[in-house]
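Trainee: Pasting target.csv below, which is CSV, C-alpha atoms.
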```csv
chain,number,residue,atom,x,y,z
W,437,MET,CA,30.7,8.4,15.4
W,438,SER,CA,28.8,11.5,16.3
W,439,ASP,CA,26.8,11.4,19.5
W,440,ASN,CA,23.4,12.9,18.9
W,441,ARG,CA,21.7,11.6,22.0
W,442,MET,CA,21.6,15.0,23.7
W,443,GLU,CA,20.6,16.8,20.6
W,444,VAL,CA,17.4,18.9,21.0
W,445,ARG,CA,14.8,18.9,18.2
W,446,GLN,CA,11.4,20.4,17.8
W,447,VAL,CA,8.8,17.6,18.0
W,448,GLU,CA,5.3,18.0,16.7
W,449,LEU,CA,2.7,16.4,19.0
W,450,GLU,CA,-1.0,16.0,18.2
W,451,VAL,CA,-2.7,15.4,21.5
W,452,LEU,CA,-6.3,14.4,21.8
W,453,ARG,CA,-8.0,16.9,24.2
W,454,TYR,CA,-11.3,16.4,25.9
W,455,ASN,CA,-12.7,18.6,28.7
W,456,PRO,CA,-16.0,17.0,29.9
W,457,GLU,CA,-17.1,20.4,31.2
W,458,THR,CA,-16.8,22.3,28.0
W,459,ASP,CA,-16.3,19.9,25.0
W,460,GLN,CA,-19.0,18.0,23.2
W,461,GLU,CA,-16.3,15.7,21.7
W,462,PRO,CA,-12.6,15.2,21.9
W,463,LYS,CA,-10.4,17.0,19.3
W,464,LEU,CA,-6.7,17.0,18.4
W,465,GLN,CA,-4.5,19.9,19.6
W,466,LYS,CA,-1.1,20.6,18.1
W,467,PHE,CA,2.0,21.4,20.2
W,468,THR,CA,5.6,21.9,19.2
W,469,VAL,CA,7.8,20.6,22.0
W,470,PRO,CA,11.6,21.0,22.2
W,471,CYS,CA,12.8,17.5,23.0
W,472,VAL,CA,16.1,15.8,23.7
W,473,ASN,CA,16.6,12.9,21.3
W,474,GLU,CA,16.9,10.3,24.0
W,475,TRP,CA,13.6,11.3,25.6
W,476,CYS,CA,10.5,9.1,25.6
W,477,VAL,CA,7.0,10.3,24.7
W,478,LEU,CA,6.2,10.7,28.5
W,479,ASP,CA,9.2,13.1,28.8
W,480,ALA,CA,7.7,15.2,26.0
W,481,LEU,CA,4.3,15.2,27.7
W,482,ASN,CA,5.9,16.2,31.0
W,483,TYR,CA,7.7,19.1,29.3
W,484,LEU,CA,4.4,20.1,27.6
W,485,LYS,CA,2.6,20.1,30.9
W,486,ASP,CA,5.3,21.9,32.8
W,487,ASN,CA,6.0,24.6,30.2
W,488,LEU,CA,3.3,24.9,27.6
W,489,ASP,CA,-0.1,23.8,28.9
W,490,PRO,CA,-0.6,22.9,32.6
W,491,THR,CA,-4.2,21.8,32.0
W,492,LEU,CA,-3.2,18.6,30.1
W,493,ALA,CA,-4.4,15.5,32.0
W,494,TYR,CA,-2.7,12.1,31.7
W,495,ARG,CA,-1.6,9.3,34.1
W,496,TRP,CA,1.9,8.3,34.9
W,497,SER,CA,3.9,7.3,37.9
W,498,CYS,CA,7.1,5.3,37.6
W,499,HIS,CA,8.7,6.3,34.3
W,500,MET,CA,10.3,2.8,34.1
W,501,GLN,CA,7.7,0.4,32.6
W,502,VAL,CA,6.7,-1.1,35.9
W,503,CYS,CA,3.6,0.8,37.1
W,504,GLY,CA,1.5,0.4,33.9
W,505,SER,CA,-0.1,3.8,34.3
W,506,CYS,CA,1.0,5.7,31.1
W,507,GLY,CA,-0.6,3.5,28.5
W,508,MET,CA,-1.9,5.5,25.5
W,509,MET,CA,-2.3,5.3,21.8
W,510,ILE,CA,0.8,6.6,20.1
W,511,ASN,CA,0.4,6.9,16.3
W,512,GLY,CA,-2.6,4.5,16.7
W,513,GLU,CA,-0.6,1.8,18.5
W,514,PRO,CA,-1.2,1.0,22.2
W,515,LYS,CA,2.1,1.9,24.0
W,516,LEU,CA,3.5,2.8,27.4
W,517,ALA,CA,4.5,6.5,26.9
W,518,CYS,CA,7.6,5.7,29.0
W,519,LYS,CA,8.6,2.9,26.6
W,520,ALA,CA,8.0,4.8,23.4
W,521,MET,CA,11.3,6.5,22.5
W,522,LEU,CA,11.2,9.7,20.5
W,523,ARG,CA,14.0,8.5,18.3
W,524,ASP,CA,11.6,5.9,16.9
W,525,TYR,CA,9.2,8.6,15.8
W,526,PRO,CA,10.7,10.9,13.2
W,527,GLY,CA,7.5,12.7,12.2
W,528,THR,CA,4.5,14.2,14.0
W,529,ILE,CA,3.4,12.0,16.9
W,530,ARG,CA,-0.3,11.6,17.5
W,531,ILE,CA,-1.2,10.8,21.1
W,532,GLU,CA,-4.7,9.6,22.1
W,533,PRO,CA,-6.2,8.0,25.2
W,534,LEU,CA,-6.2,4.1,25.2
W,535,ALA,CA,-8.7,2.8,22.6
W,536,HIS,CA,-11.8,1.0,23.7
W,537,PHE,CA,-12.0,2.8,27.1
W,538,PRO,CA,-14.2,5.8,27.7
W,539,VAL,CA,-12.3,9.1,27.9
W,540,GLU,CA,-12.5,10.8,31.3
W,541,ARG,CA,-10.4,13.8,30.3
W,542,ASP,CA,-7.7,14.4,27.7
W,543,LEU,CA,-5.5,11.2,27.9
W,544,VAL,CA,-7.1,9.8,31.0
W,545,THR,CA,-9.5,6.9,30.5
W,546,VAL,CA,-12.1,5.3,32.7
W,547,ALA,CA,-10.6,2.0,33.8
W,548,ASP,CA,-13.6,0.9,36.1
W,549,ASP,CA,-14.6,-1.9,33.7
W,550,PHE,CA,-11.2,-3.5,33.7
W,551,MET,CA,-11.0,-3.2,37.5
W,552,ALA,CA,-14.3,-5.0,37.9
W,553,LYS,CA,-13.3,-7.8,35.6
W,554,LEU,CA,-10.0,-8.2,37.4
W,555,LYS,CA,-11.9,-8.7,40.6
W,556,ARG,CA,-14.3,-11.2,39.0
W,557,VAL,CA,-11.5,-13.6,38.0
W,558,LYS,CA,-10.1,-13.8,41.6
W,559,PRO,CA,-6.5,-13.1,40.8
W,560,TYR,CA,-5.0,-14.3,44.1
W,561,LEU,CA,-4.1,-17.6,45.6
W,562,ILE,CA,-7.0,-19.7,46.8
W,563,PRO,CA,-5.5,-22.6,48.7
W,564,GLY,CA,-7.0,-26.0,48.0
W,565,GLN,CA,-6.5,-27.2,51.6
W,566,PRO,CA,-6.7,-25.0,54.7
W,567,ARG,CA,-3.2,-24.3,55.9
W,568,THR,CA,-2.0,-23.1,59.3
W,569,LEU,CA,1.2,-21.2,60.2
W,570,GLU,CA,2.5,-24.4,61.8
W,571,ASP,CA,2.4,-26.1,58.4
W,572,GLY,CA,5.2,-23.8,57.3
W,573,GLU,CA,5.7,-22.1,54.0
W,574,TYR,CA,4.7,-23.4,50.6
W,575,LYS,CA,7.5,-25.2,48.7
W,576,GLN,CA,7.7,-24.5,45.0
W,577,SER,CA,10.3,-25.9,42.6
W,578,PRO,CA,11.8,-23.8,39.8
W,579,GLU,CA,9.9,-26.0,37.4
W,580,GLN,CA,6.5,-25.2,39.1
W,581,LEU,CA,7.5,-21.5,39.2
W,582,LYS,CA,8.2,-21.5,35.5
W,583,ARG,CA,4.7,-22.8,34.7
W,584,TYR,CA,3.1,-19.4,35.5
W,585,ARG,CA,6.0,-16.9,35.9
W,586,GLN,CA,5.4,-15.3,32.5
W,587,TYR,CA,1.8,-14.6,33.3
W,588,ALA,CA,2.8,-13.0,36.6
W,589,MET,CA,4.7,-10.3,34.8
W,590,CYS,CA,1.4,-8.5,33.9
W,591,ILE,CA,1.4,-4.8,35.1
W,592,ASN,CA,-2.3,-4.2,34.4
W,593,CYS,CA,-1.5,-1.5,31.9
W,594,MET,CA,-4.5,-2.4,29.7
W,595,LEU,CA,-2.6,-2.1,26.4
W,596,CYS,CA,-4.0,-5.5,25.5
W,597,TYR,CA,-7.6,-4.3,25.9
W,598,ALA,CA,-6.8,-1.3,23.6
W,599,ALA,CA,-5.4,-3.7,21.0
W,600,CYS,CA,-8.1,-6.3,21.3
W,601,PRO,CA,-10.8,-5.7,18.6
W,602,GLU,CA,-13.0,-8.3,20.3
W,603,TYR,CA,-13.1,-6.1,23.4
W,604,GLY,CA,-13.8,-3.0,21.3
W,605,LEU,CA,-16.8,-4.7,19.7
W,606,GLN,CA,-18.1,-6.6,22.7
W,607,PRO,CA,-17.2,-4.8,26.0
W,608,LYS,CA,-18.7,-7.7,28.0
W,609,PHE,CA,-15.6,-9.7,27.1
W,610,ILE,CA,-13.6,-10.3,30.2
W,611,GLY,CA,-10.5,-9.7,28.1
W,612,PRO,CA,-6.9,-10.6,27.8
W,613,ALA,CA,-5.1,-9.4,31.0
W,614,ALA,CA,-7.8,-10.6,33.4
W,615,ILE,CA,-8.0,-14.0,31.9
W,616,ALA,CA,-4.2,-14.3,31.6
W,617,LEU,CA,-4.1,-13.5,35.4
W,618,ALA,CA,-6.7,-16.1,36.1
W,619,HIS,CA,-4.6,-18.6,34.2
W,620,ARG,CA,-1.5,-17.4,36.1
W,621,TYR,CA,-3.2,-18.6,39.4
W,622,ASN,CA,-4.7,-21.7,37.8
W,623,GLN,CA,-1.1,-22.7,36.8
W,624,ASP,CA,0.3,-22.1,40.3
W,625,SER,CA,1.1,-25.3,42.3
W,626,ARG,CA,-0.1,-23.6,45.6
W,627,ASP,CA,-3.5,-22.8,44.2
W,628,GLY,CA,-6.8,-24.7,44.4
W,629,GLY,CA,-9.2,-22.1,43.0
W,630,ARG,CA,-9.5,-23.2,39.4
W,631,ASP,CA,-13.1,-24.3,39.6
W,632,GLU,CA,-14.2,-20.9,41.0
W,633,ARG,CA,-12.3,-19.1,38.2
W,634,GLN,CA,-13.7,-21.4,35.5
W,635,GLU,CA,-17.2,-20.1,36.4
W,636,GLU,CA,-16.1,-16.7,35.1
W,637,ILE,CA,-13.6,-17.4,32.4
W,638,ALA,CA,-14.8,-20.6,30.7
W,639,THR,CA,-17.9,-18.8,29.5
W,640,ASN,CA,-19.1,-16.9,26.5
W,641,GLU,CA,-18.0,-13.6,28.1
W,642,GLY,CA,-14.7,-15.3,28.9
W,643,VAL,CA,-12.4,-17.2,26.6
W,644,TRP,CA,-15.1,-18.2,24.1
W,645,GLU,CA,-15.4,-14.5,23.1
W,646,CYS,CA,-11.8,-14.6,22.0
W,647,THR,CA,-11.2,-15.4,18.3
W,648,PHE,CA,-7.4,-15.4,18.7
W,649,VAL,CA,-6.5,-12.2,16.8
W,650,GLY,CA,-3.3,-12.2,18.9
W,651,ALA,CA,-3.1,-8.4,19.0
W,652,CYS,CA,-2.9,-8.5,22.8
W,653,SER,CA,0.3,-10.4,22.8
W,654,GLU,CA,1.8,-8.2,20.1
W,655,VAL,CA,1.4,-5.0,22.1
W,656,CYS,CA,2.2,-6.4,25.6
W,657,PRO,CA,5.1,-4.5,27.0
W,658,LYS,CA,6.0,-7.2,29.5
W,659,HIS,CA,5.9,-10.2,27.0
W,660,VAL,CA,3.1,-11.8,29.1
W,661,ASP,CA,1.5,-13.3,25.9
W,662,PRO,CA,-2.1,-13.2,27.0
W,663,ALA,CA,-3.2,-14.8,23.8
W,664,ALA,CA,-1.3,-17.9,24.7
W,665,ALA,CA,-3.0,-18.0,28.2
W,666,LEU,CA,-6.5,-17.7,26.6
W,667,GLN,CA,-5.9,-20.5,24.1
W,668,GLN,CA,-4.6,-22.7,26.9
W,669,VAL,CA,-7.7,-22.0,28.9
W,670,LYS,CA,-9.8,-22.9,25.9
W,671,VAL,CA,-7.9,-26.2,25.5
W,672,ALA,CA,-8.2,-27.1,29.2
W,673,SER,CA,-11.9,-26.2,29.2
W,674,THR,CA,-12.6,-28.3,26.2
W,675,VAL,CA,-10.8,-31.3,27.8
W,676,ASP,CA,-13.0,-30.6,30.9
W,677,TRP,CA,-16.1,-30.8,28.8
W,678,TYR,CA,-15.2,-34.1,27.1
W,679,LEU,CA,-14.2,-35.6,30.5
W,680,GLU,CA,-17.5,-34.5,32.0
W,681,HIS,CA,-19.7,-35.7,29.1
W,682,PHE,CA,-18.0,-38.8,27.8
W,683,MET,CA,-15.6,-40.0,30.4
W,684,SER,CA,-17.3,-39.1,33.7
W,685,TRP,CA,-15.7,-42.0,35.4
W,686,VAL,CA,-12.3,-40.3,35.0
W,687,LYS,CA,-11.5,-38.2,38.0
W,688,LYS,CA,-10.2,-34.7,37.2
V,4,MET,CA,-16.7,19.0,38.5
V,5,SER,CA,-19.0,16.8,36.6
V,6,ARG,CA,-18.0,13.5,35.0
V,7,ARG,CA,-19.1,12.9,31.4
V,8,PRO,CA,-16.9,10.2,30.0
V,9,TYR,CA,-16.8,10.2,26.2
V,10,VAL,CA,-17.2,6.8,24.5
V,11,ARG,CA,-15.5,6.3,21.1
V,12,GLU,CA,-17.6,4.0,19.0
V,13,VAL,CA,-15.9,1.1,17.2
V,14,SER,CA,-17.3,0.5,13.7
V,15,PRO,CA,-18.6,-3.1,13.6
V,16,THR,CA,-18.1,-3.2,9.8
V,17,SER,CA,-14.8,-1.5,9.2
V,18,TRP,CA,-12.7,-1.9,12.4
V,19,TYR,CA,-10.2,-4.3,10.7
V,20,PHE,CA,-8.9,-1.5,8.4
V,21,ARG,CA,-7.5,0.3,11.4
V,22,MET,CA,-4.3,-1.9,11.8
V,23,PRO,CA,-2.4,-4.2,9.5
V,24,ARG,CA,-2.5,-6.9,12.2
V,25,TYR,CA,-6.3,-6.8,12.1
V,26,MET,CA,-6.1,-7.3,8.3
V,27,ARG,CA,-3.8,-10.3,8.8
V,28,TYR,CA,-6.4,-11.8,11.2
V,29,MET,CA,-9.2,-11.2,8.7
V,30,ALA,CA,-7.1,-12.8,5.9
V,31,ARG,CA,-6.7,-15.9,8.1
V,32,GLU,CA,-10.4,-16.0,8.8
V,33,VAL,CA,-11.6,-15.3,5.3
V,34,THR,CA,-9.4,-17.9,3.7
V,35,SER,CA,-11.2,-20.5,5.8
V,36,VAL,CA,-14.4,-19.7,3.8
V,37,PHE,CA,-12.7,-21.2,0.7
V,38,ILE,CA,-11.9,-24.4,2.7
V,39,GLY,CA,-15.6,-24.6,3.6
V,40,ILE,CA,-16.8,-24.2,0.0
V,41,TYR,CA,-14.3,-26.8,-1.1
V,42,THR,CA,-15.7,-29.2,1.5
V,43,VAL,CA,-19.2,-28.6,0.2
V,44,ILE,CA,-18.0,-29.4,-3.4
V,45,LEU,CA,-16.4,-32.6,-2.1
V,46,LEU,CA,-19.6,-33.6,-0.3
V,47,VAL,CA,-21.6,-32.9,-3.5
V,48,GLY,CA,-19.2,-35.2,-5.3
V,49,LEU,CA,-19.9,-38.0,-2.8
V,50,ALA,CA,-23.7,-37.5,-3.3
V,51,ARG,CA,-23.2,-37.7,-7.1
V,52,LEU,CA,-21.1,-40.8,-6.7
V,53,SER,CA,-24.0,-42.5,-4.8
V,54,ASP,CA,-26.4,-41.4,-7.5
V,55,GLY,CA,-24.6,-43.6,-10.1
V,56,ASP,CA,-22.0,-43.4,-12.8
V,57,LEU,CA,-23.8,-40.9,-15.0
V,58,ALA,CA,-24.2,-38.4,-12.2
V,59,TYR,CA,-20.6,-38.8,-11.2
V,60,GLN,CA,-19.3,-38.3,-14.7
V,61,GLY,CA,-21.3,-35.1,-14.9
V,62,TYR,CA,-19.7,-34.0,-11.6
V,63,LEU,CA,-16.2,-34.7,-13.0
V,64,ALA,CA,-17.0,-32.8,-16.1
V,65,ALA,CA,-18.1,-29.8,-14.0
V,66,LEU,CA,-14.8,-30.0,-12.1
V,67,ARG,CA,-12.9,-29.7,-15.4
V,68,GLN,CA,-14.5,-26.4,-16.2
V,69,PRO,CA,-11.9,-23.5,-16.3
V,70,SER,CA,-13.8,-21.6,-13.6
V,71,SER,CA,-13.7,-24.7,-11.4
V,72,ILE,CA,-10.0,-25.1,-11.9
V,73,VAL,CA,-9.4,-21.4,-11.0
V,74,PHE,CA,-11.5,-21.9,-7.9
V,75,HIS,CA,-9.5,-25.0,-6.8
V,76,VAL,CA,-6.1,-23.3,-7.4
V,77,LEU,CA,-7.3,-20.4,-5.3
V,78,ALA,CA,-8.8,-22.7,-2.6
V,79,LEU,CA,-5.5,-24.6,-2.4
V,80,ALA,CA,-3.5,-21.4,-2.0
V,81,PHE,CA,-5.8,-20.1,0.6
V,82,SER,CA,-6.0,-23.3,2.6
V,83,LEU,CA,-2.2,-23.5,2.6
V,84,TYR,CA,-2.1,-19.9,4.0
V,85,ASN,CA,-4.8,-20.8,6.6
V,86,SER,CA,-2.9,-24.0,7.6
V,87,PHE,CA,0.5,-22.2,7.9
V,88,THR,CA,-1.0,-19.4,10.0
V,89,TRP,CA,-2.7,-21.9,12.4
V,90,PHE,CA,0.3,-24.2,12.7
V,91,ASN,CA,2.6,-21.3,13.5
V,92,VAL,CA,0.5,-20.2,16.4
V,93,ALA,CA,-0.2,-23.8,17.7
V,94,PRO,CA,2.7,-23.6,20.2
V,95,LYS,CA,0.8,-20.9,22.1
V,96,ALA,CA,-2.1,-23.2,22.8
V,97,LEU,CA,0.1,-26.3,23.4
V,98,PRO,CA,3.1,-25.5,25.6
V,99,ILE,CA,5.0,-28.6,26.5
V,100,GLN,CA,7.1,-28.3,29.6
V,101,ILE,CA,9.8,-30.9,30.1
V,102,GLY,CA,11.6,-30.5,33.4
V,103,GLU,CA,12.1,-26.8,33.8
V,104,GLU,CA,12.2,-25.8,30.2
V,105,PHE,CA,9.5,-25.4,27.7
V,106,MET,CA,9.9,-27.1,24.3
V,107,PRO,CA,10.9,-24.5,21.6
V,108,ASP,CA,8.0,-23.3,19.6
V,109,SER,CA,9.7,-24.5,16.4
V,110,VAL,CA,9.5,-28.1,17.7
V,111,VAL,CA,5.7,-27.9,18.5
V,112,ALA,CA,4.9,-26.1,15.2
V,113,GLY,CA,7.3,-28.5,13.3
V,114,GLY,CA,5.5,-31.5,14.8
V,115,HIS,CA,2.3,-30.2,13.2
V,116,TYR,CA,4.0,-29.8,9.8
V,117,VAL,CA,5.5,-33.4,10.0
V,118,VAL,CA,2.1,-34.9,10.8
V,119,TRP,CA,0.5,-32.8,8.0
V,120,VAL,CA,3.0,-34.0,5.4
V,121,ALA,CA,2.8,-37.6,6.6
V,122,LEU,CA,-1.0,-37.6,6.5
V,123,SER,CA,-1.1,-35.9,3.0
V,124,LEU,CA,1.4,-38.5,1.6
V,125,PHE,CA,-0.6,-41.3,3.1
V,126,ILE,CA,-3.8,-40.1,1.6
V,127,LEU,CA,-2.2,-39.5,-1.8
V,128,PHE,CA,-0.7,-43.0,-1.6
V,129,TRP,CA,-4.0,-44.5,-0.6
V,130,ALA,CA,-5.8,-42.6,-3.5
V,131,GLY,CA,-3.3,-44.3,-5.9
V,132,VAL,CA,-1.4,-41.2,-6.9
V,133,PHE,CA,2.0,-42.9,-6.5
```
Could you write out this file's structure as structure tokens?
Mentor:
Amino acid sequence: MSDNRMEVRQVELEVLRYNPETDQEPKLQKFTVPCVNEWCVLDALNYLKDNLDPTLAYRWSCHMQVCGSCGMMINGEPKLACKAMLRDYPGTIRIEPLAHFPVERDLVTVADDFMAKLKRVKPYLIPGQPRTLEDGEYKQSPEQLKRYRQYAMCINCMLCYAACPEYGLQPKFIGPAAIALAHRYNQDSRDGGRDERQEEIATNEGVWECTFVGACSEVCPKHVDPAAALQQVKVASTVDWYLEHFMSWVKK
Amino acid sequence: MSRRPYVREVSPTSWYFRMPRYMRYMAREVTSVFIGIYTVILLVGLARLSDGDLAYQGYLAALRQPSSIVFHVLALAFSLYNSFTWFNVAPKALPIQIGEEFMPDSVVAGGHYVVWVALSLFILFWAGVF
């Protein structure tokens, strides 16, 4: 078996460029980058910036699918540039900034909207009862951990927002990752903040804007499955409504 | 340095052509329209039935038109597609945790199929098909 992992090939990149100081609108620029077969798209961009065009702007940090910084559209699909391997892209690779977000410069997007939404859903533990240090640590069983663990894997990379057509059409939509994180804390046995989060997510701008396209879960690099979280919030909110309107004697 | 973020507009009428997964979603949504039309036809039938035998016979004759048969075959195919797509994603909305483990998706989706087949057989039996 021949080992072609270290083979160098010339890879054609089409990168969307936008300079807010000089450009009226973004346009694609072509580069030919000598790449090692085992590289990922982020390696190719780093080579490009180091050797061909130092003005190229893009975000990255960890290079190991943990930091969630290098999300971009690769051949039209939201991907982490560090997870998109060149061997999977035989032809020209088109690289654009994450869809549905404004372009700050080149491949850098404006993430302010997502950050504000994340803050709104209170993605942190809100204890139901006040607790002092003397009370000791919280105890949680493996079973209780498993209820929310999957949703805690989110790295805030925003690929799900770039995939969600609902968010593209209605930017007020709180969106997949933020609601999945709200659900993560709602599912946590140590948390008592569900009512506060429901004010934000059980609304028209929250889960009821979602029509279950499911694209968020298909592109999620950490298998969080935000679509599942949103449908579960819908089911729970519907149960709340029935309990409140028809069975008010039943305590939640 | 001045900030001037560029906003890429999303077409409200043709966004679903951008990705095959959006087309699959639209297919699921559009097929539900045929279920809606079929339901209206069924309700009209009930109204005709309450109008008396003559009206109902006219309704049955209309159902036997070739165009009506074509529509019903299409509506059946589309409603099957719609049902399959929804049953297959049902486990996402209804995770069932027993002890530490979640029930496999196939069991939750399979439960939907079993209830669907059982209800269909019951209705067919009730309607005197068997």
Trainee: Considering only C-alpha atoms, state which residue in the set W:Pro566, W:Gly650, W:Gly642, W:Pro456 is at the smallest distance from W:Val669.
Mentor: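 Of the candidates, the smallest distance to W:Val669 is held by W:Gly642.
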Trainee: I'd like to know which of W:Asn440, W:Thr528, W:Gln586, W:Thr647 is closest to W:Asp661, using only C-alpha atoms.
Mentor: W:Gln586
Trainee: Tell me, counting only C-alpha atoms, for each residue of chain W within 10 Å of chain V, which pair of atoms is nearest and how far apart they are in Å to one decimal, in rows ordered by chain and increasing number, as JSON lines.
Mentor:
```
{"residue": "W:Tyr454", "atom": "CA", "partner": "V:Tyr9", "partner_atom": "CA", "distance": 8.3}
{"residue": "W:Asn455", "atom": "CA", "partner": "V:Arg7", "partner_atom": "CA", "distance": 9.0}
{"residue": "W:Pro456", "atom": "CA", "partner": "V:Arg7", "partner_atom": "CA", "distance": 5.4}
{"residue": "W:Glu457", "atom": "CA", "partner": "V:Ser5", "partner_atom": "CA", "distance": 6.8}
{"residue": "W:Asp459", "atom": "CA", "partner": "V:Tyr9", "partner_atom": "CA", "distance": 9.8}
{"residue": "W:Gln460", "atom": "CA", "partner": "V:Tyr9", "partner_atom": "CA", "distance": 8.6}
{"residue": "W:Glu461", "atom": "CA", "partner": "V:Tyr9", "partner_atom": "CA", "distance": 7.1}
{"residue": "W:Pro462", "atom": "CA", "partner": "V:Tyr9", "partner_atom": "CA", "distance": 7.8}
{"residue": "W:Gly512", "atom": "CA", "partner": "V:Met22", "partner_atom": "CA", "distance": 8.2}
{"residue": "W:Glu513", "atom": "CA", "partner": "V:Met22", "partner_atom": "CA", "distance": 8.5}
{"residue": "W:Ala535", "atom": "CA", "partner": "V:Arg11", "partner_atom": "CA", "distance": 7.8}
{"residue": "W:His536", "atom": "CA", "partner": "V:Arg11", "partner_atom": "CA", "distance": 7.0}
{"residue": "W:Phe537", "atom": "CA", "partner": "V:Val10", "partner_atom": "CA", "distance": 7.1}
{"residue": "W:Pro538", "atom": "CA", "partner": "V:Val10", "partner_atom": "CA", "distance": 4.5}
{"residue": "W:Val539", "atom": "CA", "partner": "V:Tyr9", "partner_atom": "CA", "distance": 4.9}
{"residue": "W:Glu540", "atom": "CA", "partner": "V:Pro8", "partner_atom": "CA", "distance": 4.6}
{"residue": "W:Arg541", "atom": "CA", "partner": "V:Pro8", "partner_atom": "CA", "distance": 7.4}
{"residue": "W:Val544", "atom": "CA", "partner": "V:Pro8", "partner_atom": "CA", "distance": 9.9}
{"residue": "W:Thr545", "atom": "CA", "partner": "V:Pro8", "partner_atom": "CA", "distance": 8.1}
{"residue": "W:Val546", "atom": "CA", "partner": "V:Pro8", "partner_atom": "CA", "distance": 7.4}
{"residue": "W:Ser577", "atom": "CA", "partner": "V:Glu103", "partner_atom": "CA", "distance": 9.0}
{"residue": "W:Pro578", "atom": "CA", "partner": "V:Glu103", "partner_atom": "CA", "distance": 6.7}
{"residue": "W:Glu579", "atom": "CA", "partner": "V:Glu103", "partner_atom": "CA", "distance": 4.3}
{"residue": "W:Gln580", "atom": "CA", "partner": "V:Glu103", "partner_atom": "CA", "distance": 7.9}
{"residue": "W:Leu581", "atom": "CA", "partner": "V:Glu103", "partner_atom": "CA", "distance": 8.9}
{"residue": "W:Lys582", "atom": "CA", "partner": "V:Glu103", "partner_atom": "CA", "distance": 6.8}
{"residue": "W:Arg583", "atom": "CA", "partner": "V:Gln100", "partner_atom": "CA", "distance": 7.9}
{"residue": "W:Ala599", "atom": "CA", "partner": "V:Met22", "partner_atom": "CA", "distance": 9.4}
{"residue": "W:Cys600", "atom": "CA", "partner": "V:Tyr25", "partner_atom": "CA", "distance": 9.4}
{"residue": "W:Pro601", "atom": "CA", "partner": "V:Trp18", "partner_atom": "CA", "distance": 7.5}
{"residue": "W:Tyr603", "atom": "CA", "partner": "V:Val13", "partner_atom": "CA", "distance": 9.9}
{"residue": "W:Gly604", "atom": "CA", "partner": "V:Val13", "partner_atom": "CA", "distance": 6.2}
{"residue": "W:Leu605", "atom": "CA", "partner": "V:Val13", "partner_atom": "CA", "distance": 6.4}
{"residue": "W:Gln606", "atom": "CA", "partner": "V:Val13", "partner_atom": "CA", "distance": 9.7}
{"residue": "W:Thr647", "atom": "CA", "partner": "V:Tyr28", "partner_atom": "CA", "distance": 9.3}
{"residue": "W:Phe648", "atom": "CA", "partner": "V:Tyr28", "partner_atom": "CA", "distance": 8.4}
{"residue": "W:Val649", "atom": "CA", "partner": "V:Tyr28", "partner_atom": "CA", "distance": 5.6}
{"residue": "W:Gly650", "atom": "CA", "partner": "V:Tyr28", "partner_atom": "CA", "distance": 8.3}
{"residue": "W:Ala651", "atom": "CA", "partner": "V:Arg24", "partner_atom": "CA", "distance": 7.0}
{"residue": "W:Glu654", "atom": "CA", "partner": "V:Arg24", "partner_atom": "CA", "distance": 9.1}
{"residue": "W:Asp661", "atom": "CA", "partner": "V:Lys95", "partner_atom": "CA", "distance": 8.5}
{"residue": "W:Pro662", "atom": "CA", "partner": "V:Lys95", "partner_atom": "CA", "distance": 9.6}
{"residue": "W:Ala663", "atom": "CA", "partner": "V:Lys95", "partner_atom": "CA", "distance": 7.5}
{"residue": "W:Ala664", "atom": "CA", "partner": "V:Lys95", "partner_atom": "CA", "distance": 4.5}
{"residue": "W:Ala665", "atom": "CA", "partner": "V:Ala96", "partner_atom": "CA", "distance": 7.6}
{"residue": "W:Leu666", "atom": "CA", "partner": "V:Ala96", "partner_atom": "CA", "distance": 8.0}
{"residue": "W:Gln667", "atom": "CA", "partner": "V:Ala96", "partner_atom": "CA", "distance": 4.8}
{"residue": "W:Gln668", "atom": "CA", "partner": "V:Ala96", "partner_atom": "CA", "distance": 4.8}
{"residue": "W:Val669", "atom": "CA", "partner": "V:Ala96", "partner_atom": "CA", "distance": 8.4}
{"residue": "W:Lys670", "atom": "CA", "partner": "V:Ala96", "partner_atom": "CA", "distance": 8.3}
{"residue": "W:Val671", "atom": "CA", "partner": "V:Ala96", "partner_atom": "CA", "distance": 7.1}
{"residue": "W:Ala672", "atom": "CA", "partner": "V:Ala96", "partner_atom": "CA", "distance": 9.7}
```
Trainee: In Å, how far is it from atom CA of V:Pro23 to atom CA of W:Tyr494?
Mentor: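 If I compute the distance from atom CA of V:Pro23 to atom CA of W:Tyr494, I get 27.5 Å.
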Trainee: Using Å and a single decimal, report how far atom CA of W:Pro607 sits from atom CA of W:Ile562.
Mentor: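 Interatomic distance, atom CA of W:Ile562 to atom CA of W:Pro607: 27.5 Å.
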Trainee: To one decimal place in Å, what is the distance between atom CA of W:Leu478 and atom CA of W:Cys518?
Mentor: 5.2 Å
Trainee: Hey, what's within 10 Å of stretch 37-39 of chain V if we count all atoms listed in the file and toss same-chain stuff fewer than 5 positions away? As a list in words, please?
Mentor: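 Non-adjacent residues within range: Glu32, Ile44, Leu45, Phe74, His75, Leu77, Ala78, Leu79, Ala80, Phe81, Ser82, Leu83 and Asn85 of chain V.
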Trainee: Please dump the current selection as a short mmCIF file (atom, residue, chain, number, x, y, z; two decimals), keeping the file's coordinate frame; keep C-alpha atoms.
Mentor:
```cif
data_model
loop_
_atom_site.label_atom_id
_atom_site.label_comp_id
_atom_site.auth_asym_id
_atom_site.auth_seq_id
_atom_site.Cartn_x
_atom_site.Cartn_y
_atom_site.Cartn_z
CA GLU V 32 -10.40 -16.00 8.80
CA ILE V 44 -18.00 -29.40 -3.40
CA LEU V 45 -16.40 -32.60 -2.10
CA PHE V 74 -11.50 -21.90 -7.90
CA HIS V 75 -9.50 -25.00 -6.80
CA LEU V 77 -7.30 -20.40 -5.30
CA ALA V 78 -8.80 -22.70 -2.60
CA LEU V 79 -5.50 -24.60 -2.40
CA ALA V 80 -3.50 -21.40 -2.00
CA PHE V 81 -5.80 -20.10 0.60
CA SER V 82 -6.00 -23.30 2.60
CA LEU V 83 -2.20 -23.50 2.60
CA ASN V 85 -4.80 -20.80 6.60
#
```
